[in-house]
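Shown below: entry-v2.cif, with mmCIF, C-alpha atoms and all ligand atoms.
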```
data_target
loop_
_atom_site.group_PDB
_atom_site.id
_atom_site.type_symbol
_atom_site.label_atom_id
_atom_site.label_comp_id
_atom_site.auth_asym_id
_atom_site.auth_seq_id
_atom_site.Cartn_x
_atom_site.Cartn_y
_atom_site.Cartn_z
ATOM 1 C CA MET A 1 122.055 47.498 81.690
ATOM 2 C CA LYS A 2 121.338 50.692 83.598
ATOM 3 C CA LEU A 3 121.863 51.335 87.311
ATOM 4 C CA ILE A 4 119.316 53.679 88.881
ATOM 5 C CA GLN A 5 119.486 54.866 92.489
ATOM 6 C CA ASP A 6 116.889 57.629 92.527
ATOM 7 C CA VAL A 7 113.320 56.560 93.392
ATOM 8 C CA GLN A 8 111.577 59.109 91.135
ATOM 9 C CA GLU A 9 113.899 58.348 88.209
ATOM 10 C CA MET A 10 113.097 54.643 88.546
ATOM 11 C CA GLN A 11 109.350 55.264 88.682
ATOM 12 C CA GLN A 12 109.454 57.601 85.659
ATOM 13 C CA THR A 13 111.628 55.156 83.687
ATOM 14 C CA VAL A 14 109.226 52.232 84.141
ATOM 15 C CA LEU A 15 106.228 54.459 83.539
ATOM 16 C CA GLY A 16 107.706 55.303 80.139
ATOM 17 C CA LEU A 17 108.378 51.638 79.389
ATOM 18 C CA LYS A 18 104.864 50.642 80.403
ATOM 19 C CA ARG A 19 103.379 53.314 78.127
ATOM 20 C CA GLN A 20 105.245 51.577 75.311
ATOM 21 C CA GLY A 21 103.428 48.381 76.311
ATOM 22 C CA LYS A 22 106.470 46.648 77.823
ATOM 23 C CA ARG A 23 105.918 43.838 80.305
ATOM 24 C CA ILE A 24 108.023 44.278 83.447
ATOM 25 C CA ALA A 25 109.444 41.295 85.363
ATOM 26 C CA PHE A 26 110.893 42.090 88.781
ATOM 27 C CA VAL A 27 113.259 40.368 91.210
ATOM 28 C CA PRO A 28 113.630 42.140 94.581
ATOM 29 C CA THR A 29 116.768 41.262 96.576
ATOM 30 C CA MET A 30 119.124 42.500 99.259
ATOM 31 C CA GLY A 31 122.114 41.899 96.960
ATOM 32 C CA PHE A 32 125.313 39.875 97.445
ATOM 33 C CA LEU A 33 123.835 37.776 94.698
ATOM 34 C CA HIS A 34 124.298 34.017 94.284
ATOM 35 C CA GLU A 35 122.883 31.267 92.099
ATOM 36 C CA GLY A 36 119.567 31.335 94.005
ATOM 37 C CA HIS A 37 119.042 34.943 92.928
ATOM 38 C CA ALA A 38 120.331 34.087 89.423
ATOM 39 C CA SER A 39 117.653 31.391 89.036
ATOM 40 C CA LEU A 40 114.979 34.028 89.750
ATOM 41 C CA LEU A 41 116.581 36.433 87.281
ATOM 42 C CA ARG A 42 116.794 33.821 84.509
ATOM 43 C CA GLU A 43 113.132 32.951 84.943
ATOM 44 C CA GLY A 44 112.255 36.656 85.062
ATOM 45 C CA ARG A 45 114.163 37.180 81.821
ATOM 46 C CA LYS A 46 111.798 34.718 80.126
ATOM 47 C CA ARG A 47 108.684 36.354 81.568
ATOM 48 C CA GLY A 48 109.205 40.056 80.831
ATOM 49 C CA ASP A 49 110.267 42.407 78.057
ATOM 50 C CA VAL A 50 112.135 44.356 80.689
ATOM 51 C CA LEU A 51 113.858 42.672 83.646
ATOM 52 C CA VAL A 52 114.298 44.778 86.783
ATOM 53 C CA LEU A 53 116.463 43.760 89.740
ATOM 54 C CA SER A 54 116.348 45.696 92.987
ATOM 55 C CA ILE A 55 119.164 45.640 95.491
ATOM 56 C CA PHE A 56 118.245 47.159 98.817
ATOM 57 C CA VAL A 57 119.277 46.077 102.293
ATOM 58 C CA ASN A 58 116.055 47.206 103.883
ATOM 59 C CA PRO A 59 116.763 48.519 107.403
ATOM 60 C CA THR A 60 113.144 48.207 108.581
ATOM 61 C CA GLN A 61 113.145 44.415 108.314
ATOM 62 C CA PHE A 62 116.142 44.012 110.631
ATOM 63 C CA GLY A 63 115.721 43.815 114.408
ATOM 64 C CA ILE A 64 117.937 45.924 116.701
ATOM 65 C CA ASN A 65 120.348 43.079 117.456
ATOM 66 C CA GLU A 66 120.428 41.724 113.915
ATOM 67 C CA ASP A 67 123.068 41.958 111.192
ATOM 68 C CA LEU A 68 122.031 45.125 109.278
ATOM 69 C CA ASP A 69 125.448 46.794 109.549
ATOM 70 C CA ASN A 70 127.375 43.634 108.714
ATOM 71 C CA TYR A 71 125.080 42.383 105.951
ATOM 72 C CA PRO A 72 127.366 41.526 102.983
ATOM 73 C CA ARG A 73 127.376 43.997 100.098
ATOM 74 C CA ASN A 74 129.050 43.882 96.675
ATOM 75 C CA LEU A 75 127.314 46.151 94.161
ATOM 76 C CA GLU A 76 130.019 45.699 91.517
ATOM 77 C CA GLY A 77 129.895 41.891 91.655
ATOM 78 C CA ASP A 78 126.094 41.984 91.737
ATOM 79 C CA CYS A 79 125.979 44.153 88.597
ATOM 80 C CA ALA A 80 128.273 41.705 86.770
ATOM 81 C CA LEU A 81 126.028 38.753 87.658
ATOM 82 C CA ALA A 82 122.910 40.777 86.845
ATOM 83 C CA GLU A 83 124.260 41.672 83.422
ATOM 84 C CA ALA A 84 125.089 38.020 82.740
ATOM 85 C CA CYS A 85 121.473 37.120 83.628
ATOM 86 C CA GLY A 86 120.074 39.691 81.195
ATOM 87 C CA VAL A 87 118.922 42.349 83.679
ATOM 88 C CA ASP A 88 117.926 45.646 82.018
ATOM 89 C CA LEU A 89 117.554 47.880 85.067
ATOM 90 C CA VAL A 90 119.187 47.609 88.484
ATOM 91 C CA PHE A 91 117.392 49.674 91.104
ATOM 92 C CA ALA A 92 119.635 50.282 94.117
ATOM 93 C CA PRO A 93 118.033 53.042 96.201
ATOM 94 C CA THR A 94 119.452 54.530 99.383
ATOM 95 C CA ALA A 95 117.737 54.100 102.751
ATOM 96 C CA ALA A 96 117.165 57.876 102.860
ATOM 97 C CA GLY A 97 115.553 57.749 99.422
ATOM 98 C CA MET A 98 113.190 54.971 100.470
ATOM 99 C CA TYR A 99 112.438 56.343 103.944
ATOM 100 C CA PRO A 100 112.596 60.144 103.794
ATOM 101 C CA PRO A 101 111.943 62.203 106.935
ATOM 102 C CA GLY A 102 108.310 61.937 107.977
ATOM 103 C CA PHE A 103 107.861 58.389 106.710
ATOM 104 C CA GLN A 104 105.268 56.686 108.939
ATOM 105 C CA THR A 105 102.996 54.330 107.025
ATOM 106 C CA THR A 106 102.837 50.588 107.696
ATOM 107 C CA VAL A 107 100.931 47.583 106.357
ATOM 108 C CA ALA A 108 98.918 45.604 108.912
ATOM 109 C CA LEU A 109 99.438 41.871 108.355
ATOM 110 C CA GLY A 110 97.474 38.860 109.588
ATOM 111 C CA PRO A 111 97.986 35.417 111.143
ATOM 112 C CA LEU A 112 100.499 34.197 108.529
ATOM 113 C CA THR A 113 103.092 36.430 110.185
ATOM 114 C CA LYS A 114 102.628 35.009 113.688
ATOM 115 C CA PRO A 115 104.577 31.687 113.704
ATOM 116 C CA LEU A 116 108.078 30.644 112.569
ATOM 117 C CA CYS A 117 110.269 33.635 111.605
ATOM 118 C CA GLY A 118 107.493 36.022 112.655
ATOM 119 C CA ALA A 119 107.729 34.707 116.218
ATOM 120 C CA SER A 120 111.518 34.969 116.446
ATOM 121 C CA ARG A 121 111.887 38.208 114.461
ATOM 122 C CA PRO A 122 109.147 40.580 115.694
ATOM 123 C CA GLY A 123 108.415 43.315 113.144
ATOM 124 C CA HIS A 124 110.447 41.612 110.423
ATOM 125 C CA PHE A 125 107.539 40.869 108.086
ATOM 126 C CA ASN A 126 106.085 44.355 108.559
ATOM 127 C CA GLY A 127 109.368 45.723 107.251
ATOM 128 C CA VAL A 128 109.225 43.244 104.363
ATOM 129 C CA ALA A 129 105.597 44.064 103.527
ATOM 130 C CA VAL A 130 106.220 47.808 103.471
ATOM 131 C CA VAL A 131 109.334 47.598 101.335
ATOM 132 C CA VAL A 132 107.761 45.128 98.886
ATOM 133 C CA THR A 133 104.678 47.350 98.550
ATOM 134 C CA LYS A 134 106.882 50.376 97.944
ATOM 135 C CA LEU A 135 109.036 48.502 95.435
ATOM 136 C CA PHE A 136 105.923 47.281 93.592
ATOM 137 C CA ASN A 137 104.660 50.865 93.371
ATOM 138 C CA ILE A 138 108.019 52.161 92.170
ATOM 139 C CA VAL A 139 108.811 49.341 89.703
ATOM 140 C CA GLN A 140 105.169 48.595 88.703
ATOM 141 C CA PRO A 141 105.967 45.026 87.685
ATOM 142 C CA ASP A 142 103.600 42.709 85.826
ATOM 143 C CA CYS A 143 105.215 39.791 87.616
ATOM 144 C CA ALA A 144 107.602 39.430 90.554
ATOM 145 C CA LEU A 145 109.724 36.416 91.422
ATOM 146 C CA PHE A 146 110.475 35.200 94.947
ATOM 147 C CA GLY A 147 112.272 32.140 96.297
ATOM 148 C CA ASN A 148 110.704 29.368 98.355
ATOM 149 C CA LYS A 149 113.826 29.650 100.512
ATOM 150 C CA ASP A 150 111.887 32.357 102.372
ATOM 151 C CA PHE A 151 108.705 30.291 102.402
ATOM 152 C CA GLN A 152 106.780 32.320 104.959
ATOM 153 C CA GLN A 153 107.754 35.601 103.290
ATOM 154 C CA LEU A 154 106.418 34.299 99.970
ATOM 155 C CA ALA A 155 103.155 33.159 101.610
ATOM 156 C CA ILE A 156 102.698 36.596 103.205
ATOM 157 C CA ILE A 157 103.460 38.445 99.958
ATOM 158 C CA ARG A 158 101.040 36.232 98.015
ATOM 159 C CA GLN A 159 98.299 36.947 100.559
ATOM 160 C CA MET A 160 99.042 40.665 100.678
ATOM 161 C CA THR A 161 98.942 40.830 96.873
ATOM 162 C CA ILE A 162 95.503 39.174 96.871
ATOM 163 C CA ASP A 163 94.123 41.153 99.813
ATOM 164 C CA LEU A 164 95.273 44.560 98.552
ATOM 165 C CA ASN A 165 94.555 43.772 94.865
ATOM 166 C CA LEU A 166 98.119 44.531 93.868
ATOM 167 C CA PRO A 167 98.241 44.068 90.076
ATOM 168 C CA VAL A 168 101.303 41.791 90.170
ATOM 169 C CA GLU A 169 101.606 38.075 89.422
ATOM 170 C CA ILE A 170 103.667 36.450 92.191
ATOM 171 C CA ILE A 171 105.905 33.605 91.050
ATOM 172 C CA GLY A 172 107.515 31.237 93.578
ATOM 173 C CA MET A 173 110.791 29.539 92.680
ATOM 174 C CA GLN A 174 112.496 26.404 94.023
ATOM 175 C CA ILE A 175 115.306 26.587 96.562
ATOM 176 C CA VAL A 176 118.743 26.480 94.910
ATOM 177 C CA ARG A 177 121.254 24.472 96.928
ATOM 178 C CA GLU A 178 125.034 24.030 96.992
ATOM 179 C CA PRO A 179 126.132 20.621 95.664
ATOM 180 C CA ASP A 180 126.342 19.316 99.255
ATOM 181 C CA GLY A 181 122.772 20.403 100.068
ATOM 182 C CA LEU A 182 123.181 23.729 101.898
ATOM 183 C CA ALA A 183 120.536 26.197 100.712
ATOM 184 C CA MET A 184 122.291 29.138 99.069
ATOM 185 C CA SER A 185 122.138 32.347 101.088
ATOM 186 C CA SER A 186 124.058 35.610 101.206
ATOM 187 C CA ARG A 187 124.487 34.908 104.931
ATOM 188 C CA ASN A 188 126.471 31.717 104.214
ATOM 189 C CA SER A 189 129.438 34.077 103.684
ATOM 190 C CA TYR A 190 129.521 34.619 107.476
ATOM 191 C CA LEU A 191 130.377 30.953 108.136
ATOM 192 C CA THR A 192 133.907 29.836 109.014
ATOM 193 C CA PRO A 193 135.077 26.672 107.177
ATOM 194 C CA GLU A 194 134.175 24.607 110.277
ATOM 195 C CA GLN A 195 130.751 26.216 110.540
ATOM 196 C CA ARG A 196 130.202 25.707 106.810
ATOM 197 C CA GLN A 197 130.578 21.953 107.450
ATOM 198 C CA GLN A 198 128.253 22.139 110.459
ATOM 199 C CA SER A 199 125.642 24.065 108.466
ATOM 200 C CA LEU A 200 124.874 20.858 106.576
ATOM 201 C CA CYS A 201 122.781 19.765 109.571
ATOM 202 C CA LEU A 202 119.854 21.800 108.189
ATOM 203 C CA SER A 203 119.655 20.052 104.818
ATOM 204 C CA LYS A 204 120.452 16.704 106.484
ATOM 205 C CA ALA A 205 117.499 17.194 108.825
ATOM 206 C CA ILE A 206 115.316 18.018 105.834
ATOM 207 C CA GLN A 207 116.459 14.919 103.989
ATOM 208 C CA LYS A 208 115.865 12.748 107.042
ATOM 209 C CA VAL A 209 112.345 14.083 107.625
ATOM 210 C CA ARG A 210 111.472 13.633 103.943
ATOM 211 C CA GLU A 211 112.866 10.094 103.953
ATOM 212 C CA LEU A 212 110.972 9.115 107.109
ATOM 213 C CA PHE A 213 107.764 10.655 105.764
ATOM 214 C CA ASN A 214 108.187 8.869 102.430
ATOM 215 C CA ASN A 215 108.537 5.613 104.406
ATOM 216 C CA GLY A 216 105.215 6.208 106.155
ATOM 217 C CA GLU A 217 106.122 8.139 109.304
ATOM 218 C CA ILE A 218 103.493 10.820 110.038
ATOM 219 C CA SER A 219 104.051 11.453 113.758
ATOM 220 C CA VAL A 220 105.039 15.081 114.299
ATOM 221 C CA ASP A 221 106.946 14.235 117.479
ATOM 222 C CA ARG A 222 108.956 11.450 115.864
ATOM 223 C CA LEU A 223 109.745 13.442 112.701
ATOM 224 C CA LEU A 224 110.818 16.515 114.660
ATOM 225 C CA GLY A 225 112.662 14.346 117.198
ATOM 226 C CA GLU A 226 114.848 12.845 114.452
ATOM 227 C CA ALA A 227 115.514 16.275 112.985
ATOM 228 C CA ARG A 228 116.388 17.664 116.417
ATOM 229 C CA MET A 229 118.920 14.857 116.981
ATOM 230 C CA ILE A 230 120.735 15.690 113.743
ATOM 231 C CA ILE A 231 120.937 19.365 114.620
ATOM 232 C CA THR A 232 121.867 19.099 118.281
ATOM 233 C CA ALA A 233 124.741 16.718 117.359
ATOM 234 C CA VAL A 234 126.461 19.745 115.808
ATOM 235 C CA PRO A 235 128.614 21.605 118.366
ATOM 236 C CA GLU A 236 127.878 25.228 117.384
ATOM 237 C CA SER A 237 124.186 24.783 116.589
ATOM 238 C CA SER A 238 121.269 26.283 118.434
ATOM 239 C CA ILE A 239 117.709 25.739 117.297
ATOM 240 C CA ASP A 240 115.528 28.794 116.806
ATOM 241 C CA TYR A 241 112.557 26.759 115.554
ATOM 242 C CA LEU A 242 111.910 23.351 114.071
ATOM 243 C CA GLU A 243 108.302 22.932 112.971
ATOM 244 C CA LEU A 244 105.802 21.050 110.880
ATOM 245 C CA ARG A 245 102.927 23.259 109.737
ATOM 246 C CA HIS A 246 100.273 23.380 107.064
ATOM 247 C CA SER A 247 101.979 24.802 103.970
ATOM 248 C CA THR A 248 99.125 27.166 103.065
ATOM 249 C CA THR A 249 97.773 28.365 106.410
ATOM 250 C CA LEU A 250 101.015 27.879 108.402
ATOM 251 C CA GLN A 251 98.829 26.512 111.217
ATOM 252 C CA PRO A 252 100.137 23.571 113.332
ATOM 253 C CA VAL A 253 99.320 20.048 112.117
ATOM 254 C CA GLU A 254 98.432 16.964 114.177
ATOM 255 C CA THR A 255 100.107 14.581 111.743
ATOM 256 C CA ALA A 256 102.323 15.104 108.712
ATOM 257 C CA ALA A 257 100.828 14.968 105.216
ATOM 258 C CA ALA A 258 101.907 15.708 101.652
ATOM 259 C CA ASP A 259 101.021 19.396 102.037
ATOM 260 C CA THR A 260 102.924 19.791 105.306
ATOM 261 C CA LEU A 261 105.742 22.296 105.501
ATOM 262 C CA PHE A 262 108.835 21.339 107.463
ATOM 263 C CA ALA A 263 110.597 24.608 108.299
ATOM 264 C CA LEU A 264 113.589 25.279 110.466
ATOM 265 C CA ALA A 265 115.786 28.140 111.617
ATOM 266 C CA VAL A 266 119.089 27.243 113.245
ATOM 267 C CA LYS A 267 121.971 29.365 114.393
ATOM 268 C CA ILE A 268 125.419 28.058 113.555
ATOM 269 C CA GLY A 269 127.638 30.150 115.806
ATOM 270 C CA SER A 270 126.057 33.573 115.426
ATOM 271 C CA THR A 271 124.763 33.030 111.875
ATOM 272 C CA ARG A 272 121.054 32.327 111.622
ATOM 273 C CA LEU A 273 120.196 30.009 108.724
ATOM 274 C CA ILE A 274 116.749 28.997 107.484
ATOM 275 C CA ASP A 275 115.611 26.159 105.260
ATOM 276 C CA ASN A 276 112.367 24.336 104.492
ATOM 277 C CA THR A 277 110.634 21.720 102.394
ATOM 278 C CA VAL A 278 107.053 20.752 101.612
ATOM 279 C CA LEU A 279 106.932 17.017 102.322
ATOM 280 C CA GLY A 280 105.012 15.933 99.229
ATOM 281 C CA GLY A 281 106.844 18.280 96.845
ATOM 282 C CA ASP A 282 110.255 18.312 95.187
ATOM 283 C CA LEU A 283 113.290 19.070 97.317
HETATM 284 P P1 LIG A 301 117.451 38.063 99.679
HETATM 285 O O1 LIG A 301 118.460 38.807 98.874
HETATM 286 O O2 LIG A 301 118.040 37.067 100.620
HETATM 287 O O3 LIG A 301 116.419 38.964 100.302
HETATM 288 O O4 LIG A 301 116.636 37.166 98.637
HETATM 289 C C1 LIG A 301 116.023 37.749 97.511
HETATM 290 C C2 LIG A 301 115.141 36.711 96.869
HETATM 291 O O5 LIG A 301 115.920 35.587 96.475
HETATM 292 C C3 LIG A 301 114.055 36.173 97.815
HETATM 293 O O6 LIG A 301 112.844 35.996 97.088
HETATM 294 C C4 LIG A 301 114.644 34.851 98.262
HETATM 295 O O7 LIG A 301 113.668 33.904 98.644
HETATM 296 C C5 LIG A 301 115.364 34.409 97.006
HETATM 297 N N1 LIG A 301 116.412 33.439 97.359
HETATM 298 C C6 LIG A 301 117.389 33.585 98.273
HETATM 299 N N2 LIG A 301 118.113 32.455 98.367
HETATM 300 C C7 LIG A 301 117.573 31.566 97.491
HETATM 301 C C8 LIG A 301 117.860 30.221 97.129
HETATM 302 N N3 LIG A 301 118.851 29.536 97.690
HETATM 303 N N4 LIG A 301 117.088 29.632 96.197
HETATM 304 C C9 LIG A 301 116.052 30.304 95.621
HETATM 305 N N5 LIG A 301 115.731 31.579 95.927
HETATM 306 C C10 LIG A 301 116.479 32.203 96.841
#
```
Rewrite the coordinates I just gave you, this time as structure tokens.
Ligand code: AMP
Amino acid sequence: MKLIQDVQEMQQTVLGLKRQGKRIAFVPTMGFLHEGHASLLREGRKRGDVLVLSIFVNPTQFGINEDLDNYPRNLEGDCALAEACGVDLVFAPTAAGMYPPGFQTTVALGPLTKPLCGASRPGHFNGVAVVVTKLFNIVQPDCALFGNKDFQQLAIIRQMTIDLNLPVEIIGMQIVREPDGLAMSSRNSYLTPEQRQQSLCLSKAIQKVRELFNNGEISVDRLLGEARMIITAVPESSIDYLELRHSTTLQPVETAAADTLFALAVKIGSTRLIDNTVLGGDL
């Protein structure tokens, strides 16, 4: 496994591999890897001759009062996990390498970015879209793997890939959870032991909404009302959003159906956690 930090070196390396006819599979991350990332890497290993992992805490997708400076980092641990998952190339650029002086170009996104995380984190998806476009141009992958954990991000990247004819197959992967249900996230490391217990309210709300829906409940108010009760019962919780939306368009729905997305963002103390499920799909 090789670690590359220089943008041009990465681009030249993959260019050489592609000239040899190698198929490149790519997993972009912000590092501090866990089993969720590992599931993407293992699937990527099966889909490419060369597996590339990027680790980059992208400053442009963080708001001014967000956790950019505190975001957990562990390059050594990440490289060990990457190697165990069969990664060939780790691309870990610097912010200065990705955004040299004079950088000014953005990607204009559409309605998919308006609700949910787009509403509470203005500019976030623009930062994501720019960095993903740049990473695609540097790594030139044949396929790229993303988690459903960031459901809206995946929807936006899929649409951007179609709209801009990016020659990359986008593969969505299931959410990997801790045994007790909490969706794995690098940000879970911020939680105190008490908050870690409280964080279960997200997956409990998801389970409750799925259970009610499976028993015939389709009222948006009643489904969200039950979820809200579970979350507000937790002392350190504050709801950012709790919504049922169409899983493809992300538009509001009048009643729940099998293709409805239930998505939520909840702060536990100062840690913002997200989770989601599509009602008719697997958990
Ligand atoms: P991040 O490092 O948080 O930017 O995540 C990098 C990629 O891993 C994104 O495509 C995420 O959706 C995905 N990911 C993060 N957590 C999970 C999880 N628990 N299960 C599946 N994929 C995940």
Contacts of range 18-31 of chain A at 7 Å (only C-alpha atoms; same-chain gap of 2+ positions) as a PDB file with C-alpha atoms, in the frame of the given file:
```
ATOM      1  CA  VAL A  14     109.226  52.232  84.141  1.00  0.00           C
ATOM      2  CA  LEU A  15     106.228  54.459  83.539  1.00  0.00           C
ATOM      3  CA  GLY A  16     107.706  55.303  80.139  1.00  0.00           C
ATOM      4  CA  LEU A  33     123.835  37.776  94.698  1.00  0.00           C
ATOM      5  CA  LEU A  40     114.979  34.028  89.750  1.00  0.00           C
ATOM      6  CA  LEU A  41     116.581  36.433  87.281  1.00  0.00           C
ATOM      7  CA  GLY A  44     112.255  36.656  85.062  1.00  0.00           C
ATOM      8  CA  ARG A  47     108.684  36.354  81.568  1.00  0.00           C
ATOM      9  CA  GLY A  48     109.205  40.056  80.831  1.00  0.00           C
ATOM     10  CA  ASP A  49     110.267  42.407  78.057  1.00  0.00           C
ATOM     11  CA  VAL A  50     112.135  44.356  80.689  1.00  0.00           C
ATOM     12  CA  LEU A  51     113.858  42.672  83.646  1.00  0.00           C
ATOM     13  CA  VAL A  52     114.298  44.778  86.783  1.00  0.00           C
ATOM     14  CA  LEU A  53     116.463  43.760  89.740  1.00  0.00           C
ATOM     15  CA  SER A  54     116.348  45.696  92.987  1.00  0.00           C
ATOM     16  CA  ILE A  55     119.164  45.640  95.491  1.00  0.00           C
ATOM     17  CA  PHE A  56     118.245  47.159  98.817  1.00  0.00           C
ATOM     18  CA  VAL A  57     119.277  46.077 102.293  1.00  0.00           C
ATOM     19  CA  ARG A  73     127.376  43.997 100.098  1.00  0.00           C
ATOM     20  CA  ASP A  78     126.094  41.984  91.737  1.00  0.00           C
ATOM     21  CA  PRO A 141     105.967  45.026  87.685  1.00  0.00           C
ATOM     22  CA  ASP A 142     103.600  42.709  85.826  1.00  0.00           C
ATOM     23  CA  CYS A 143     105.215  39.791  87.616  1.00  0.00           C
ATOM     24  CA  ALA A 144     107.602  39.430  90.554  1.00  0.00           C
ATOM     25  CA  LEU A 145     109.724  36.416  91.422  1.00  0.00           C
ATOM     26  CA  PHE A 146     110.475  35.200  94.947  1.00  0.00           C
TER      27      PHE A 146
END
```
Step by step, measure atom-to-atom distances between ligand LIG 301 (chain A) and each residue using only C-alpha atoms and all ligand atoms, keep those at most 6 Å, then write them as a PDB file with C-alpha atoms, in the coordinates of the input.
```
ATOM      1  CA  PRO A  28     113.630  42.140  94.581  1.00  0.00           C
ATOM      2  CA  THR A  29     116.768  41.262  96.576  1.00  0.00           C
ATOM      3  CA  MET A  30     119.124  42.500  99.259  1.00  0.00           C
ATOM      4  CA  GLY A  31     122.114  41.899  96.960  1.00  0.00           C
ATOM      5  CA  GLY A  36     119.567  31.335  94.005  1.00  0.00           C
ATOM      6  CA  HIS A  37     119.042  34.943  92.928  1.00  0.00           C
ATOM      7  CA  PHE A 146     110.475  35.200  94.947  1.00  0.00           C
ATOM      8  CA  GLY A 147     112.272  32.140  96.297  1.00  0.00           C
ATOM      9  CA  ASN A 148     110.704  29.368  98.355  1.00  0.00           C
ATOM     10  CA  LYS A 149     113.826  29.650 100.512  1.00  0.00           C
ATOM     11  CA  ASP A 150     111.887  32.357 102.372  1.00  0.00           C
ATOM     12  CA  GLN A 174     112.496  26.404  94.023  1.00  0.00           C
ATOM     13  CA  ILE A 175     115.306  26.587  96.562  1.00  0.00           C
ATOM     14  CA  VAL A 176     118.743  26.480  94.910  1.00  0.00           C
ATOM     15  CA  ARG A 177     121.254  24.472  96.928  1.00  0.00           C
ATOM     16  CA  ALA A 183     120.536  26.197 100.712  1.00  0.00           C
ATOM     17  CA  MET A 184     122.291  29.138  99.069  1.00  0.00           C
ATOM     18  CA  SER A 185     122.138  32.347 101.088  1.00  0.00           C
TER      19      SER A 185
END
```
Using only C-alpha atoms, find the one residue out of A:His124, A:Asn70, A:Leu250, A:Ser186 that sits nearest to Pro111 in chain A.
-> A:Leu250
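Going from CA of Val209 in chain A over to CA of Phe151 in chain A, you cover 17.4 Å.
Atom pair CA of Val139 in chain A / CA of Glu35 in chain A: separated by 23.0 Å.
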With only C-alpha atoms as the counted atoms, please give the residues lying no more than 9 Å from Pro93 in chain A, apart from itself and same-chain residues fewer than 3 positions off, as a JSON list (two decimals) with C-alpha atoms, in the coordinates of the input.
```
[["chain", "number", "residue", "atom", "x", "y", "z"],
["A", 4, "ILE", "CA", 119.32, 53.68, 88.88],
["A", 5, "GLN", "CA", 119.49, 54.87, 92.49],
["A", 6, "ASP", "CA", 116.89, 57.63, 92.53],
["A", 7, "VAL", "CA", 113.32, 56.56, 93.39],
["A", 54, "SER", "CA", 116.35, 45.70, 92.99],
["A", 55, "ILE", "CA", 119.16, 45.64, 95.49],
["A", 56, "PHE", "CA", 118.24, 47.16, 98.82],
["A", 96, "ALA", "CA", 117.16, 57.88, 102.86],
["A", 97, "GLY", "CA", 115.55, 57.75, 99.42],
["A", 98, "MET", "CA", 113.19, 54.97, 100.47]]
```
Can you list, as an mmCIF file with C-alpha atoms, in the frame of the given file, the residues that the PyMOL selection byres (((chain A and resi 237) around 9) and not hetatm) selects here?
```
data_model
loop_
_atom_site.group_PDB
_atom_site.id
_atom_site.type_symbol
_atom_site.label_atom_id
_atom_site.label_comp_id
_atom_site.auth_asym_id
_atom_site.auth_seq_id
_atom_site.Cartn_x
_atom_site.Cartn_y
_atom_site.Cartn_z
ATOM 1 C CA GLN A 198 128.253 22.139 110.459
ATOM 2 C CA SER A 199 125.642 24.065 108.466
ATOM 3 C CA CYS A 201 122.781 19.765 109.571
ATOM 4 C CA ILE A 231 120.937 19.365 114.620
ATOM 5 C CA THR A 232 121.867 19.099 118.281
ATOM 6 C CA ALA A 233 124.741 16.718 117.359
ATOM 7 C CA VAL A 234 126.461 19.745 115.808
ATOM 8 C CA PRO A 235 128.614 21.605 118.366
ATOM 9 C CA GLU A 236 127.878 25.228 117.384
ATOM 10 C CA SER A 238 121.269 26.283 118.434
ATOM 11 C CA ILE A 239 117.709 25.739 117.297
ATOM 12 C CA VAL A 266 119.089 27.243 113.245
ATOM 13 C CA LYS A 267 121.971 29.365 114.393
ATOM 14 C CA ILE A 268 125.419 28.058 113.555
ATOM 15 C CA GLY A 269 127.638 30.150 115.806
#
```
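Comparing the minimum interatomic distances between Gln195 in chain A and each of A:Leu273, A:Met10, A:Leu135, A:Met173, counting all atoms listed in the file, we find that A:Leu273 sits nearest.
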Shortest contact to Glu83 in chain A, candidates A:Arg121, A:Glu9, A:Gly280, A:Arg42, atoms counted all atoms listed in the file, goes to A:Arg42
Compare A:Asn74, A:Thr192, A:Thr255, A:Thr106 by their minimum atom-to-atom distance to Val132 in chain A, counting all atoms listed in the file, and give me the closest one.
-> A:Thr106
Just how far from CA of Pro72 in chain A is CA of Glu178 in chain A, in Å to one decimal?
->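 Interatomic distance here is 18.6 Å.
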Nearest candidate to Ile157 in chain A (options A:Val253, A:Ala38, A:Val107, A:Leu202; using all atoms listed in the file) = A:Val107
